[in-house]
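Enquirer: So that you have it, the file is input.tsv, and it contains TSV, C-alpha atoms:
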```tsv
chain	number	residue	atom	x	y	z
A	12	MET	CA	4.41	11.36	-39.25
A	13	SER	CA	7.77	9.82	-38.50
A	14	VAL	CA	9.03	6.49	-37.17
A	15	LEU	CA	10.68	5.92	-33.81
A	16	THR	CA	14.07	4.29	-34.21
A	17	ARG	CA	16.00	5.04	-31.02
A	18	ARG	CA	15.70	2.76	-28.00
A	19	ALA	CA	15.48	5.79	-25.70
A	20	ASP	CA	12.29	6.91	-27.46
A	21	PHE	CA	10.69	3.49	-26.93
A	22	LEU	CA	11.70	3.53	-23.25
A	23	SER	CA	10.29	7.02	-22.73
A	24	ALA	CA	7.00	5.96	-24.34
A	25	ASN	CA	6.72	3.31	-21.63
A	26	ARG	CA	6.29	6.10	-19.06
A	27	GLY	CA	3.16	7.37	-20.79
A	28	LEU	CA	-0.42	6.26	-21.08
A	29	ARG	CA	-1.04	2.54	-21.58
A	30	VAL	CA	-4.11	1.08	-23.32
A	31	ALA	CA	-4.21	-2.72	-23.52
A	32	ARG	CA	-6.25	-4.65	-26.05
A	33	PRO	CA	-6.32	-8.40	-26.85
A	34	GLY	CA	-4.05	-8.06	-29.90
A	35	PHE	CA	-1.70	-5.29	-28.78
A	36	VAL	CA	-0.79	-2.72	-26.17
A	37	LEU	CA	-0.76	0.96	-27.17
A	38	LEU	CA	1.61	3.34	-25.39
A	39	VAL	CA	1.13	7.08	-25.86
A	40	ASN	CA	3.55	9.65	-24.46
A	41	PRO	CA	4.11	13.36	-25.22
A	42	ASN	CA	7.32	14.10	-27.11
A	43	ARG	CA	9.50	17.19	-27.37
A	44	ALA	CA	9.44	17.19	-31.17
A	45	ASP	CA	5.78	18.30	-31.41
A	46	SER	CA	5.28	15.80	-34.19
A	47	LEU	CA	3.29	12.62	-34.54
A	48	ARG	CA	5.63	9.63	-34.26
A	49	TYR	CA	5.01	5.91	-34.08
A	50	GLY	CA	6.93	2.74	-33.30
A	51	ILE	CA	6.20	-0.97	-33.40
A	52	THR	CA	7.73	-3.71	-31.32
A	53	VAL	CA	7.08	-7.45	-31.36
A	54	THR	CA	9.11	-9.72	-29.10
A	55	LYS	CA	10.55	-13.11	-29.93
A	56	LYS	CA	7.99	-14.70	-27.59
A	57	ILE	CA	5.36	-14.13	-30.29
A	58	GLY	CA	6.85	-16.46	-32.89
A	59	ASN	CA	9.51	-16.84	-35.52
A	60	ALA	CA	10.70	-14.03	-37.80
A	61	VAL	CA	8.01	-14.68	-40.41
A	62	VAL	CA	5.23	-14.31	-37.83
A	63	ARG	CA	6.78	-11.22	-36.22
A	64	ASN	CA	7.32	-9.48	-39.57
A	65	ARG	CA	3.76	-10.25	-40.65
A	66	MET	CA	2.45	-8.74	-37.43
A	67	LYS	CA	4.61	-5.65	-37.89
A	68	ARG	CA	3.35	-5.20	-41.47
A	69	ARG	CA	-0.25	-5.37	-40.26
A	70	PHE	CA	0.43	-2.87	-37.47
A	71	ARG	CA	2.24	-0.53	-39.86
A	72	ALA	CA	-0.74	-0.55	-42.25
A	73	LEU	CA	-3.15	0.16	-39.39
A	74	LEU	CA	-1.07	3.01	-38.03
A	75	ARG	CA	-0.64	4.66	-41.41
A	76	GLU	CA	-4.39	4.47	-41.92
A	77	LEU	CA	-5.62	5.61	-38.50
A	78	LEU	CA	-2.94	7.83	-36.95
A	79	PRO	CA	-3.32	10.88	-39.23
A	80	GLN	CA	-6.97	11.28	-38.16
A	81	ALA	CA	-7.12	9.75	-34.66
A	82	GLY	CA	-3.56	10.11	-33.38
A	83	LEU	CA	-2.51	12.72	-30.86
A	84	SER	CA	-0.24	15.35	-32.34
A	85	GLY	CA	2.94	15.95	-30.37
A	86	HIS	CA	2.89	12.40	-29.01
A	87	ASP	CA	4.75	9.16	-29.56
A	88	HIS	CA	2.59	6.10	-30.25
A	89	VAL	CA	4.08	2.65	-29.69
A	90	LEU	CA	2.29	-0.59	-30.52
A	91	ILE	CA	3.49	-3.70	-28.70
A	92	GLY	CA	2.31	-6.93	-30.28
A	93	ARG	CA	0.60	-9.53	-28.13
A	94	GLU	CA	0.47	-13.24	-28.74
A	95	GLY	CA	-3.14	-13.31	-29.95
A	96	GLY	CA	-2.62	-10.42	-32.36
A	97	ILE	CA	-1.52	-12.41	-35.37
A	98	GLU	CA	-4.68	-14.54	-35.52
A	99	ARG	CA	-7.06	-11.61	-35.06
A	100	ASP	CA	-9.07	-10.37	-38.00
A	101	PHE	CA	-7.68	-7.19	-39.58
A	102	ALA	CA	-11.01	-5.39	-39.28
A	103	LYS	CA	-11.18	-6.31	-35.60
A	104	LEU	CA	-7.67	-4.95	-35.05
A	105	ARG	CA	-8.70	-1.72	-36.79
A	106	GLU	CA	-11.70	-1.34	-34.47
A	107	GLU	CA	-9.57	-2.04	-31.41
A	108	LEU	CA	-6.90	0.45	-32.46
A	109	SER	CA	-9.41	3.22	-33.15
A	110	ALA	CA	-11.03	2.55	-29.75
A	111	ALA	CA	-7.61	2.57	-28.06
A	112	LEU	CA	-6.67	5.86	-29.75
A	113	ALA	CA	-9.99	7.41	-28.69
A	114	ARG	CA	-9.42	6.23	-25.14
A	115	ALA	CA	-5.90	7.68	-25.15
A	116	ALA	CA	-7.22	11.00	-26.49
A	117	GLU	CA	-9.57	11.15	-23.51
A	118	GLY	CA	-6.63	10.51	-21.19
A	119	LYS	CA	-8.08	7.24	-19.95
A	120	GLY	CA	-5.41	4.59	-19.73
A	121	ASP	CA	-5.29	1.25	-18.03
A	122	PRO	CA	-3.87	1.06	-14.52
A	123	PRO	CA	-0.10	0.61	-14.31
A	124	ARG	CA	1.25	-2.89	-14.33
A	125	ARG	CA	2.26	-4.55	-11.08
A	126	LYS	CA	5.92	-5.04	-10.44
A	127	PRO	CA	6.91	-8.71	-10.78
A	128	GLY	CA	6.96	-10.49	-7.46
A	129	THR	CA	4.59	-8.13	-5.64
A	130	ARG	CA	1.25	-9.18	-4.23
A	131	ARG	CA	-1.99	-7.28	-4.43
```
Could you spell out this file's structure in structure tokens?

Expert:
Amino acid sequence: MSVLTRRADFLSANRGLRVARPGFVLLVNPNRADSLRYGITVTKKIGNAVVRNRMKRRFRALLRELLPQAGLSGHDHVLIGREGGIERDFAKLREELSAALARAAEGKGDPPRRKPGTRR
């Protein structure tokens, strides 16, 4: 299990399967490396550096715990933090991540996001 560091890897993960949960969004995309890789991103909209780093630590702990068993081999997994994610209970986040990984393994993602400025 390795960590995504290059921006191009994060951008390519955005083209994959998307599973949204209240605390985070999980992106899963096949990679060429045939290895299990993960990345975490939390934007400045979430809070100050202390809050963002705390959220990243929590996500890192969850991924290290759940990805070896439930992750898809040969795929990149990216967790994007959402605003409500920092207040959520750790056990609740664990449940949501395992459900999101199971949903991704089935190939069931959420519908693609609308482009900004378009109507339904």

Enquirer: Please provide as a PyMOL selection string all residues within 9 Å of Asp121 (chain A), with the sequence filter that same-chain residues fewer than 3 positions apart are discarded (counting all atoms listed in the file).

Expert: chain A and resi 28-31+124

Enquirer: Distance CA of Leu108 (chain A)-CA of Lys126 (chain A), one decimal place?

Expert: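 Interatomic distance here is 26.1 Å.
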
Enquirer: Contacts of Leu104 (chain A) at 10 Å or less, counting all atoms listed in the file, minus same-chain residues fewer than 5 places along, as a tab-separated table (two decimals) with C-alpha atoms, in the coordinates of the input?

Expert:
```tsv
chain	number	residue	atom	x	y	z
A	32	ARG	CA	-6.25	-4.65	-26.05
A	33	PRO	CA	-6.32	-8.40	-26.85
A	34	GLY	CA	-4.05	-8.06	-29.90
A	35	PHE	CA	-1.70	-5.29	-28.78
A	69	ARG	CA	-0.25	-5.37	-40.26
A	70	PHE	CA	0.43	-2.87	-37.47
A	73	LEU	CA	-3.15	0.16	-39.39
A	96	GLY	CA	-2.62	-10.42	-32.36
A	97	ILE	CA	-1.52	-12.41	-35.37
A	99	ARG	CA	-7.06	-11.61	-35.06
A	109	SER	CA	-9.41	3.22	-33.15
A	110	ALA	CA	-11.03	2.55	-29.75
```

Enquirer: For Gly92 (chain A), please output as a CSV table (one decimal) with C-alpha atoms, in the frame of the given file all residues within 8 Å (counting all atoms listed in the file; exclusion window: fewer than 5 positions along the same chain).

Expert:
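So result_30.csv came out as:
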```
chain,number,residue,atom,x,y,z
A,34,GLY,CA,-4.0,-8.1,-29.9
A,35,PHE,CA,-1.7,-5.3,-28.8
A,36,VAL,CA,-0.8,-2.7,-26.2
A,51,ILE,CA,6.2,-1.0,-33.4
A,52,THR,CA,7.7,-3.7,-31.3
A,53,VAL,CA,7.1,-7.4,-31.4
A,54,THR,CA,9.1,-9.7,-29.1
A,57,ILE,CA,5.4,-14.1,-30.3
A,66,MET,CA,2.4,-8.7,-37.4
```

Enquirer: Which residue is closest to Asp45 (chain A)? Choose from A:Ser13, A:Asn25, A:Gln80, A:Thr129 and count all atoms listed in the file.

Expert: A:Ser13

Enquirer: Which residue is closest to Ile91 (chain A)? Choose from A:Pro127, A:Gly50, A:Gly118, A:Pro41 and count all atoms listed in the file.

Expert: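 That would be A:Gly50, the residue with the smallest distance to Ile91 (chain A).
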
Enquirer: Just give me the gap between CA of Ala60 (chain A) and CA of Asp87 (chain A) in Å, one decimal is fine.

Expert: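 Going from CA of Ala60 (chain A) over to CA of Asp87 (chain A), I get 25.3 Å.
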
Enquirer: With all atoms of region 32-44 of chain A from the file as input, state the centre and edge lengths in Å to one decimal of the axis-aligned box that has 4 Å extra on each side, as AutoDock Vina command-line options.

Expert:
```
--center_x 1.6 --center_y 4.4 --center_z -27.8 --size_x 23.8 --size_y 33.6 --size_z 14.7
```

Enquirer: So how many Å separate CA of Leu112 (chain A) and CA of Ala44 (chain A), to one decimal?

Expert: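 The value is 19.7 Å.
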
Enquirer: Taking 5 positions as the minimum chain separation for residues in the same chain, which residues sit within 10 Å of His88 (chain A) when counting only C-alpha atoms? Answer as a list in words.

Expert: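 My reading of the contact set: Val14, Leu15, Phe21, Ala24, Asn25, Gly27, Leu28, Leu37, Leu38, Val39, Asn40, Pro41, Asn42, Leu47, Arg48, Tyr49, Gly50, Ile51, Leu74, Leu78, Gly82, Leu83 and Leu112 of chain A.
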
Enquirer: Between A:Asn64, A:Thr16, A:Arg93, A:Ala81, which residue has the minimum interatomic distance to Glu117 (chain A), considering all atoms listed in the file?

Expert: A:Ala81

Enquirer: For Gly95 (chain A), which residue among A:Arg114, A:Arg43, A:Lys56, A:Arg71 is the nearest when counting all atoms listed in the file?

Expert: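 Looking only at the distances to Gly95 (chain A), the closest residue turns out to be A:Lys56.
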